[in-house]
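Beneath this line is the structure, given in structure tokens, with notes to follow.
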Amino acid sequence: QRKVVAERPVLFGSRISVQTLAPWLLLKAANVPHDFVDVSNSASTTTISTAAAILPLPPTADNPALVDCDGTSVYGSTAILRYIAEHPHWSVAGSGGGGGGGGGRSGDSDDDDDVDCAINSYYAPAASLERGHIDAAMQWCTTKFQPLLLSYCLPLLDQHEEKQLKGPELSAFVKSVIEQLKLLENYFLAGKRFIGGDCVSIADFTVFPSFYVVLQQPLLSTALGIELSSSLQDWSDRMVDLEYTKTVLGGDGGCGILQYLDWRQSTIDQTTPVVVYYDPIDPASLALVAVVQLSGLQSTLIPVDTTKNEHKKHKFVSEVSPPSILPVMQSHGRNIIGFAAAARYLTTYYHSATRFNPTSTT
């Protein structure tokens, strides 16, 4: 009954939305030719007219929509993922099904041209234990893990000072995140390469965006002081190394989340003094003090006597370092916990410290 039918699938969403990133990754992974319309570009009359003509309801940044070739519209990240994975007829237009550097689930077949079984294998056979595991991971992510992470990052990105987590609220948040990360590591991954097993699944596409943006980008992660386990870091590295992930995360035609974070961070005032809480007998603390001083930054150095348990006192834990870790650097109202996080933050975003970054060409 729809008057307008898309020539090929169209994904409506926001380039700076983790909810949009998940189905976009699957479309790229399965090599499904598609169009992407950025609904966050409200100034575009083309965007508005296209969405109004094709969709019965307007999509939003946190509620992406997909329009299939026959005009069928699907709303919501997880619903779109399941729809794509369960409609292998799309793969006829694709090339190679699994696509993107071997990250697909077509490894069970010796025929690389068997694209019809490649696209729906990002899910799992109906009524199988594997599908139940994938469904459980997606449910956990969309109802617990992702809302938890977004409750922290959205007020920061939107600059809603009154909604930002601080003190005891931030401490409670960090504890909750650590608990959820243990669940991800010990149950959903449980020694596997991906949540779905040896190959990437739609559950990995669901969990990865918020995990990567909040826990691995300095603008958001440094204030948390959460050290990822080696198995979680390995899983994240596998996801990042997939060719289609690089395409979606990339700046040219890809998502704008990472570019947006870099832009936000690049606007920090380089002349604002930093405050460093350090342990005078801790090598990591002294190393951070050295980086700050050698960078020529204005700084205030505050010693913390760990032999007297000053790092475990209520005020220090609630206001400076929820996990009681030293050193801590305060920059522009944010606490950056641990030497690795603070040093990475300094050498990435303070111009005078970039020379200490081993990846810098200067």
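Residues in the structure tokens are numbered from 1 in each chain, the chains being A, B, ... in the order shown, and ligands are numbered from 1 in the order shown.
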
Go through range 150-231 of chain A and flag each residue having an atom no more than 10 Å from range 321-343 of chain A; for those, report the closest pair of atoms plus their distance in Å to one decimal, using only C-alpha atoms, ordered by chain and rising number, as a Markdown table.
```
| residue | atom | partner | partner_atom | distance |
| --- | --- | --- | --- | --- |
| A:Lys166 | CA | A:Arg334 | CA | 9.6 |
| A:Gly167 | CA | A:Pro322 | CA | 7.9 |
| A:Pro168 | CA | A:Pro322 | CA | 8.1 |
| A:Glu169 | CA | A:Pro322 | CA | 9.9 |
| A:Leu170 | CA | A:Pro322 | CA | 7.5 |
| A:Ser171 | CA | A:Pro322 | CA | 5.0 |
| A:Ala172 | CA | A:Pro322 | CA | 8.5 |
| A:Phe173 | CA | A:Pro322 | CA | 9.7 |
| A:Val174 | CA | A:Pro322 | CA | 7.7 |
| A:Lys175 | CA | A:Pro323 | CA | 8.8 |
| A:Pro218 | CA | A:Ala341 | CA | 7.4 |
| A:Leu219 | CA | A:Arg334 | CA | 9.5 |
| A:Leu220 | CA | A:Arg334 | CA | 9.7 |
| A:Ser221 | CA | A:Ala341 | CA | 8.3 |
| A:Thr222 | CA | A:Ile336 | CA | 4.7 |
| A:Ala223 | CA | A:Ile336 | CA | 4.4 |
| A:Leu224 | CA | A:Ile337 | CA | 6.8 |
| A:Gly225 | CA | A:Ile337 | CA | 4.7 |
| A:Ile226 | CA | A:Ile337 | CA | 8.4 |
| A:Glu227 | CA | A:Gly338 | CA | 9.2 |
```

Would you write out those residues with N, CA and C atoms, as a short mmCIF file (atom, residue, chain, number, x, y, z; two decimals), in the first residue's frame?
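The new file again.cif reads:
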```cif
data_model
loop_
_atom_site.label_atom_id
_atom_site.label_comp_id
_atom_site.auth_asym_id
_atom_site.auth_seq_id
_atom_site.Cartn_x
_atom_site.Cartn_y
_atom_site.Cartn_z
N LYS A 166 28.72 12.14 39.30
CA LYS A 166 29.87 12.61 40.07
C LYS A 166 29.85 11.94 41.44
N GLY A 167 31.01 11.96 42.11
CA GLY A 167 31.09 11.49 43.48
C GLY A 167 30.56 10.07 43.67
N PRO A 168 29.70 9.87 44.67
CA PRO A 168 29.16 8.52 44.94
C PRO A 168 28.41 7.92 43.76
N GLU A 169 27.73 8.75 42.97
CA GLU A 169 27.01 8.24 41.81
C GLU A 169 27.98 7.66 40.78
N LEU A 170 29.10 8.35 40.57
CA LEU A 170 30.10 7.86 39.63
C LEU A 170 30.74 6.58 40.16
N SER A 171 30.99 6.52 41.48
CA SER A 171 31.57 5.31 42.08
C SER A 171 30.64 4.12 41.89
N ALA A 172 29.35 4.33 42.12
CA ALA A 172 28.37 3.25 41.95
C ALA A 172 28.29 2.83 40.49
N PHE A 173 28.39 3.81 39.59
CA PHE A 173 28.35 3.50 38.15
C PHE A 173 29.53 2.62 37.77
N VAL A 174 30.73 2.97 38.24
CA VAL A 174 31.94 2.19 37.90
C VAL A 174 31.79 0.76 38.40
N LYS A 175 31.28 0.57 39.61
CA LYS A 175 31.08 -0.77 40.14
C LYS A 175 30.09 -1.56 39.29
N PRO A 218 39.28 8.04 24.83
CA PRO A 218 39.77 8.81 25.97
C PRO A 218 38.80 9.84 26.53
N LEU A 219 38.04 10.50 25.67
CA LEU A 219 37.13 11.55 26.14
C LEU A 219 36.15 11.01 27.17
N LEU A 220 35.74 9.75 27.04
CA LEU A 220 34.73 9.17 27.92
C LEU A 220 35.31 8.18 28.92
N SER A 221 36.36 7.46 28.54
CA SER A 221 36.83 6.35 29.37
C SER A 221 37.80 6.75 30.47
N THR A 222 38.53 7.83 30.27
CA THR A 222 39.63 8.13 31.20
C THR A 222 39.16 8.45 32.61
N ALA A 223 37.97 8.99 32.77
CA ALA A 223 37.49 9.34 34.11
C ALA A 223 37.02 8.12 34.89
N LEU A 224 36.91 6.98 34.23
CA LEU A 224 36.35 5.79 34.89
C LEU A 224 37.42 4.95 35.57
N GLY A 225 38.62 4.92 35.02
CA GLY A 225 39.69 4.14 35.63
C GLY A 225 39.46 2.65 35.56
N ILE A 226 38.74 2.19 34.54
CA ILE A 226 38.45 0.76 34.39
C ILE A 226 39.49 0.12 33.47
N GLU A 227 40.20 -0.85 34.00
CA GLU A 227 41.17 -1.58 33.20
C GLU A 227 40.50 -2.82 32.60
#
```

With a distance cut-off of 10 Å and only C-alpha atoms, select the neighbouring residues of range 79-83 of chain A, excluding the residue or stretch itself and same-chain residues fewer than 5 positions from it, and output the selection as a VMD selection string. chain A and resid 11 20 22 to 27 64 to 68 73 to 74 88 120 122 to 123 135 201 to 203 205 to 206

Export of prior selection with N, CA and C atoms as a PDB file, in the first residue's frame:
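Dumped everything to out.pdb:
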```pdb
ATOM      1  N   LEU A  11      18.861   2.594   5.218  1.00  0.00           N
ATOM      2  CA  LEU A  11      18.977   2.676   6.672  1.00  0.00           C
ATOM      3  C   LEU A  11      18.918   4.142   7.089  1.00  0.00           C
ATOM      4  N   THR A  20      22.509   3.070  15.800  1.00  0.00           N
ATOM      5  CA  THR A  20      22.594   2.992  14.339  1.00  0.00           C
ATOM      6  C   THR A  20      23.798   2.176  13.900  1.00  0.00           C
ATOM      7  N   ALA A  22      25.174  -0.536  14.996  1.00  0.00           N
ATOM      8  CA  ALA A  22      25.052  -1.998  14.972  1.00  0.00           C
ATOM      9  C   ALA A  22      24.474  -2.515  13.650  1.00  0.00           C
ATOM     10  N   PRO A  23      23.284  -2.075  13.204  1.00  0.00           N
ATOM     11  CA  PRO A  23      22.786  -2.575  11.916  1.00  0.00           C
ATOM     12  C   PRO A  23      23.630  -2.141  10.737  1.00  0.00           C
ATOM     13  N   TRP A  24      24.265  -0.994  10.837  1.00  0.00           N
ATOM     14  CA  TRP A  24      25.139  -0.539   9.760  1.00  0.00           C
ATOM     15  C   TRP A  24      26.318  -1.503   9.587  1.00  0.00           C
ATOM     16  N   LEU A  25      26.864  -1.982  10.718  1.00  0.00           N
ATOM     17  CA  LEU A  25      27.955  -2.940  10.661  1.00  0.00           C
ATOM     18  C   LEU A  25      27.519  -4.225   9.961  1.00  0.00           C
ATOM     19  N   LEU A  26      26.308  -4.700  10.275  1.00  0.00           N
ATOM     20  CA  LEU A  26      25.833  -5.935   9.653  1.00  0.00           C
ATOM     21  C   LEU A  26      25.615  -5.760   8.157  1.00  0.00           C
ATOM     22  N   LEU A  27      25.060  -4.640   7.742  1.00  0.00           N
ATOM     23  CA  LEU A  27      24.874  -4.388   6.316  1.00  0.00           C
ATOM     24  C   LEU A  27      26.214  -4.402   5.577  1.00  0.00           C
ATOM     25  N   PRO A  64      16.737   3.906  15.036  1.00  0.00           N
ATOM     26  CA  PRO A  64      16.936   3.862  13.582  1.00  0.00           C
ATOM     27  C   PRO A  64      15.835   3.065  12.901  1.00  0.00           C
ATOM     28  N   ALA A  65      15.716   3.255  11.606  1.00  0.00           N
ATOM     29  CA  ALA A  65      14.700   2.543  10.829  1.00  0.00           C
ATOM     30  C   ALA A  65      15.328   2.023   9.543  1.00  0.00           C
ATOM     31  N   LEU A  66      14.828   0.888   9.098  1.00  0.00           N
ATOM     32  CA  LEU A  66      15.286   0.291   7.853  1.00  0.00           C
ATOM     33  C   LEU A  66      14.091   0.106   6.931  1.00  0.00           C
ATOM     34  N   VAL A  67      14.265   0.459   5.662  1.00  0.00           N
ATOM     35  CA  VAL A  67      13.237   0.231   4.649  1.00  0.00           C
ATOM     36  C   VAL A  67      13.776  -0.773   3.634  1.00  0.00           C
ATOM     37  N   ASP A  68      13.088  -1.899   3.503  1.00  0.00           N
ATOM     38  CA  ASP A  68      13.494  -2.923   2.548  1.00  0.00           C
ATOM     39  C   ASP A  68      13.049  -2.518   1.142  1.00  0.00           C
ATOM     40  N   SER A  73       9.060  -1.586   6.477  1.00  0.00           N
ATOM     41  CA  SER A  73       9.842  -0.753   7.392  1.00  0.00           C
ATOM     42  C   SER A  73      10.012  -1.458   8.727  1.00  0.00           C
ATOM     43  N   VAL A  74      11.215  -1.400   9.262  1.00  0.00           N
ATOM     44  CA  VAL A  74      11.551  -2.038  10.535  1.00  0.00           C
ATOM     45  C   VAL A  74      12.219  -0.992  11.417  1.00  0.00           C
ATOM     46  N   PRO A  88      17.818 -13.853   3.870  1.00  0.00           N
ATOM     47  CA  PRO A  88      18.983 -14.106   3.005  1.00  0.00           C
ATOM     48  C   PRO A  88      18.767 -13.716   1.547  1.00  0.00           C
ATOM     49  N   ASN A 120      22.433 -15.133   6.676  1.00  0.00           N
ATOM     50  CA  ASN A 120      21.636 -15.498   7.843  1.00  0.00           C
ATOM     51  C   ASN A 120      22.444 -16.250   8.885  1.00  0.00           C
ATOM     52  N   TYR A 122      24.893 -15.016  10.366  1.00  0.00           N
ATOM     53  CA  TYR A 122      25.289 -14.054  11.406  1.00  0.00           C
ATOM     54  C   TYR A 122      24.394 -14.218  12.634  1.00  0.00           C
ATOM     55  N   TYR A 123      23.267 -14.860  12.431  1.00  0.00           N
ATOM     56  CA  TYR A 123      22.387 -15.216  13.539  1.00  0.00           C
ATOM     57  C   TYR A 123      22.731 -16.662  13.884  1.00  0.00           C
ATOM     58  N   ASP A 135      20.542 -14.343  21.382  1.00  0.00           N
ATOM     59  CA  ASP A 135      19.375 -13.555  21.804  1.00  0.00           C
ATOM     60  C   ASP A 135      19.546 -13.029  23.228  1.00  0.00           C
ATOM     61  N   SER A 201      28.821 -12.394  15.274  1.00  0.00           N
ATOM     62  CA  SER A 201      27.366 -12.544  15.199  1.00  0.00           C
ATOM     63  C   SER A 201      26.694 -11.196  15.398  1.00  0.00           C
ATOM     64  N   ILE A 202      25.371 -11.168  15.243  1.00  0.00           N
ATOM     65  CA  ILE A 202      24.647  -9.921  15.454  1.00  0.00           C
ATOM     66  C   ILE A 202      24.700  -9.496  16.921  1.00  0.00           C
ATOM     67  N   ALA A 203      24.985 -10.422  17.827  1.00  0.00           N
ATOM     68  CA  ALA A 203      25.170 -10.046  19.232  1.00  0.00           C
ATOM     69  C   ALA A 203      26.438  -9.218  19.408  1.00  0.00           C
ATOM     70  N   PHE A 205      27.723  -7.310  17.103  1.00  0.00           N
ATOM     71  CA  PHE A 205      27.413  -5.998  16.538  1.00  0.00           C
ATOM     72  C   PHE A 205      26.584  -5.159  17.506  1.00  0.00           C
ATOM     73  N   THR A 206      25.780  -5.803  18.347  1.00  0.00           N
ATOM     74  CA  THR A 206      24.951  -5.081  19.313  1.00  0.00           C
ATOM     75  C   THR A 206      25.778  -4.543  20.474  1.00  0.00           C
TER      76      THR A 206
END
```

Have a look at A:Val292, A:Leu184, A:Ile178, A:Ile281 and name the one nearest to Met138 in chain A; count only C-alpha atoms.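 The shortest atom-to-atom distance to Met138 in chain A comes from A:Leu184.
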
What's the 9 Å shell around Ser236 in chain A, counting only C-alpha atoms, without same-chain residues fewer than 4 positions away, as a PyMOL selection string? chain A and resi 208+211-212+231-232+240-241

Residues of the last selection are to be written out with all heavy atoms, as a compact mmCIF listing (two decimals), in the first residue's frame.
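Full text of out_2.txt as output:
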```
# COMPACT_ATOMS: atom_id res chain seq x y z
N PHE A 208 29.27 -4.30 20.75
CA PHE A 208 30.53 -3.61 20.46
C PHE A 208 30.44 -2.09 20.41
O PHE A 208 31.31 -1.41 20.98
CB PHE A 208 31.12 -4.14 19.15
CG PHE A 208 32.32 -3.38 18.66
CD1 PHE A 208 33.54 -3.50 19.31
CD2 PHE A 208 32.21 -2.53 17.57
CE1 PHE A 208 34.65 -2.77 18.86
CE2 PHE A 208 33.31 -1.81 17.12
CZ PHE A 208 34.53 -1.94 17.77
N PHE A 211 30.33 -0.41 23.89
CA PHE A 211 31.55 -0.85 24.57
C PHE A 211 32.75 -0.05 24.07
O PHE A 211 33.53 0.51 24.85
CB PHE A 211 31.76 -2.34 24.33
CG PHE A 211 33.06 -2.90 24.87
CD1 PHE A 211 33.09 -3.50 26.11
CD2 PHE A 211 34.23 -2.83 24.13
CE1 PHE A 211 34.27 -4.03 26.62
CE2 PHE A 211 35.42 -3.34 24.63
CZ PHE A 211 35.44 -3.95 25.87
N TYR A 212 32.90 0.04 22.77
CA TYR A 212 34.07 0.67 22.17
C TYR A 212 34.06 2.19 22.37
O TYR A 212 35.09 2.79 22.71
CB TYR A 212 34.12 0.34 20.68
CG TYR A 212 35.35 0.85 19.97
CD1 TYR A 212 36.60 0.31 20.23
CD2 TYR A 212 35.27 1.88 19.03
CE1 TYR A 212 37.73 0.76 19.58
CE2 TYR A 212 36.39 2.34 18.38
CZ TYR A 212 37.62 1.78 18.66
OH TYR A 212 38.75 2.24 18.02
N SER A 231 41.15 -10.63 27.80
CA SER A 231 40.20 -11.29 26.92
C SER A 231 39.20 -10.30 26.32
O SER A 231 38.84 -10.41 25.14
CB SER A 231 39.46 -12.41 27.66
OG SER A 231 38.74 -11.89 28.77
N LEU A 232 38.75 -9.32 27.11
CA LEU A 232 37.85 -8.30 26.58
C LEU A 232 38.58 -7.41 25.58
O LEU A 232 38.01 -7.02 24.55
CB LEU A 232 37.27 -7.45 27.71
CG LEU A 232 36.23 -8.14 28.60
CD1 LEU A 232 35.77 -7.20 29.71
CD2 LEU A 232 35.02 -8.60 27.78
N VAL A 240 37.57 -4.49 15.94
CA VAL A 240 38.13 -3.32 15.27
C VAL A 240 38.89 -3.71 14.02
O VAL A 240 38.88 -2.99 13.01
CB VAL A 240 39.05 -2.54 16.24
CG1 VAL A 240 39.80 -1.42 15.51
CG2 VAL A 240 38.26 -1.96 17.39
N ASP A 241 39.53 -4.88 14.04
CA ASP A 241 40.36 -5.31 12.91
C ASP A 241 39.55 -5.79 11.71
O ASP A 241 40.11 -5.95 10.62
CB ASP A 241 41.31 -6.43 13.36
CG ASP A 241 42.45 -5.89 14.22
OD1 ASP A 241 42.68 -4.67 14.19
OD2 ASP A 241 43.08 -6.69 14.94
```

CA of Leu346 in chain A to CA of Lys182 in chain A, distance in Å rounded to a single decimal: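 CA of Lys182 in chain A lies at a distance of 29.1 Å from CA of Leu346 in chain A.
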
Under the rule that only C-alpha atoms are counted, which of A:Glu310, A:Asp279, A:Glu185, A:Asp204 is the nearest residue to Gln233 in chain A? A:Glu185

Quick one: of A:Thr300, A:Ser210, A:Gln146, A:Ser151, who's nearest to Tyr277 in chain A, counting only C-alpha atoms?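 Distance minimum relative to Tyr277 in chain A lands on A:Thr300.
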
Which is closest to Lys192 in chain A among A:Arg238, A:Val304, A:Tyr278, A:Arg8, if we use only C-alpha atoms? A:Arg238

How many Å separate CA of Pro9 in chain A from CA of Leu249 in chain A?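 Spanning CA of Pro9 in chain A to CA of Leu249 in chain A is a straight-line distance of 20.5 Å.
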
Using only C-alpha atoms, can you tell me which of A:Phe194, A:Ala85, A:Glu179, A:Pro283 comes closest to Leu148 in chain A?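 So, comparing all the options, the nearest one is A:Glu179.
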